[in-house]
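Data first, discussion second: the structure below is written as structure tokens.
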Amino acid sequence: MLFNSLTFVVFFAVVVTAYWSIRSWNARKNLLVVASYIFYGAWNPPFAALLFSTTAMDFWLGRQMAKAEGRRSRRAWLVGSVCMNLSMLGFFKYGNFLLQNFQWLLARFGIIYQPPHLDILLPVGISFYTFHSLSYTLDIYRGVLKPTKSLRDFILAVSFFPQLVAGPIVRAGDFLPQLVRPPALRAGQFLWGLLLMTLGLFEKIVPASWRSPARYFSISPATRPAPLAQLSALAFI
């Protein structure tokens with residue numbers, strides 16, 4: 001589900017309307033969890049299961065780390081979290097790249113090895129939600145965050161759909177305290193946020209798409225004017 005699609009506009013309008021129509025804070029958080037997983041699973045449903053499994057594992061590891069006695073024991077649980085998250089990220093993002101380099105290394109020693117090509121489909125936003133989840137166990141290890149008792153709240157902190165696939169990376173210690181009590185609806189903040197969202201959507205659809213890298217590089221360097229190069233670089237950023 002793309003941010004600049006009509007589907008997302010309808011989805012966002014329905015979620016916002018339903019959110020402010022519900023009085024119960026727990027029901028609101030349940031709505032956001034369901035909406036976030038619908039948003040993520042709309043692209044490829046099986047990857048929603050991957051997102052949940054890594055989130056649940058870090059939730060459990062965080063609790064085990066808090067219960068552990070001694071720095072060495074806590075470090076062991078942290079290493080488990082880091083290895084799990086980074087190995088998953090490395091497999092999906094760099095699986096074929098690592099196989100090719102391993103093949104090249106063996107060839108230097110005269111060993112011919114033909115690894116199978118892995119048809120790995122990269123889960124969208126995997127880098128963002130991996131480090132979202134990892135920040136939780138890191139903060140618990142550092143002693144700056146106590147493990148949350150609510151798996152639902154932690155799932156929401158990792159999968160919150162406005163920042164799930166495009167960032168920014170938000171530390172669990174910054175997000176979880178916001179789930180303790182419901183926010184008050186302030187018209188000024190709501191309208192300001194809607195204005196910023198509309199402005200960003202306009203920049204994405206109009207100037208950034210019109211001055212896309214594809215258009216820029218289709219022009220011969222010999223005839224590419226400097227102002228166009230500067231404008232295209234700015235639109236890309």
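Simple scheme: letters A, B, ... for chains in structure tokens order, numbers from 1 for residues in each chain, numbers from 1 for ligands in the order shown.
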
Counting only C-alpha atoms, what are the residues of segment 34-150 of chain A within 6 Å of segment 169-192 of chain A, and for each of them which pair of atoms is the nearest and at what distance in Å, to one decimal? Sort the table by chain and rising number, as CSV.
```
residue,atom,partner,partner_atom,distance
A:Phe128,CA,A:Ile169,CA,5.9
A:His132,CA,A:Arg171,CA,6.0
A:Ser135,CA,A:Arg171,CA,5.6
A:Tyr136,CA,A:Ala172,CA,5.2
```

* Who sits within 12 Å of Ser150 of chain A, only C-alpha atoms, same chain under 2 positions skipped, as a PyMOL selection string -> chain A and resi 26+29-30+56+59-60+62-63+146-148+152-157+176+179-180

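Of note, atom CA of Glu69 of chain A and atom CA of Ser81 of chain A are spaced 17.3 Å apart.
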
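Counting only C-alpha atoms and comparing A:Gly80, A:Pro116, A:Gly193, A:Gly125, the residue that lies closest to Phe160 of chain A is A:Gly125.
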
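With only C-alpha atoms as the atoms that count, the minimum distance from Phe11 of chain A to the choices A:Tyr94, A:Tyr141, A:Trp25, A:Phe39 is reached by A:Phe39.
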
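Straight-line separation from atom CA of Pro45 of chain A to atom CA of Val124 of chain A: 11.5 Å.
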
* Backbone-only DSSP, alpha helix (DSSP H) members of segment 45-212 of chain A, as number ranges by chain -> A: 45-67, 71-108, 126-142, 151-159, 172-175, 187-205, 207-210
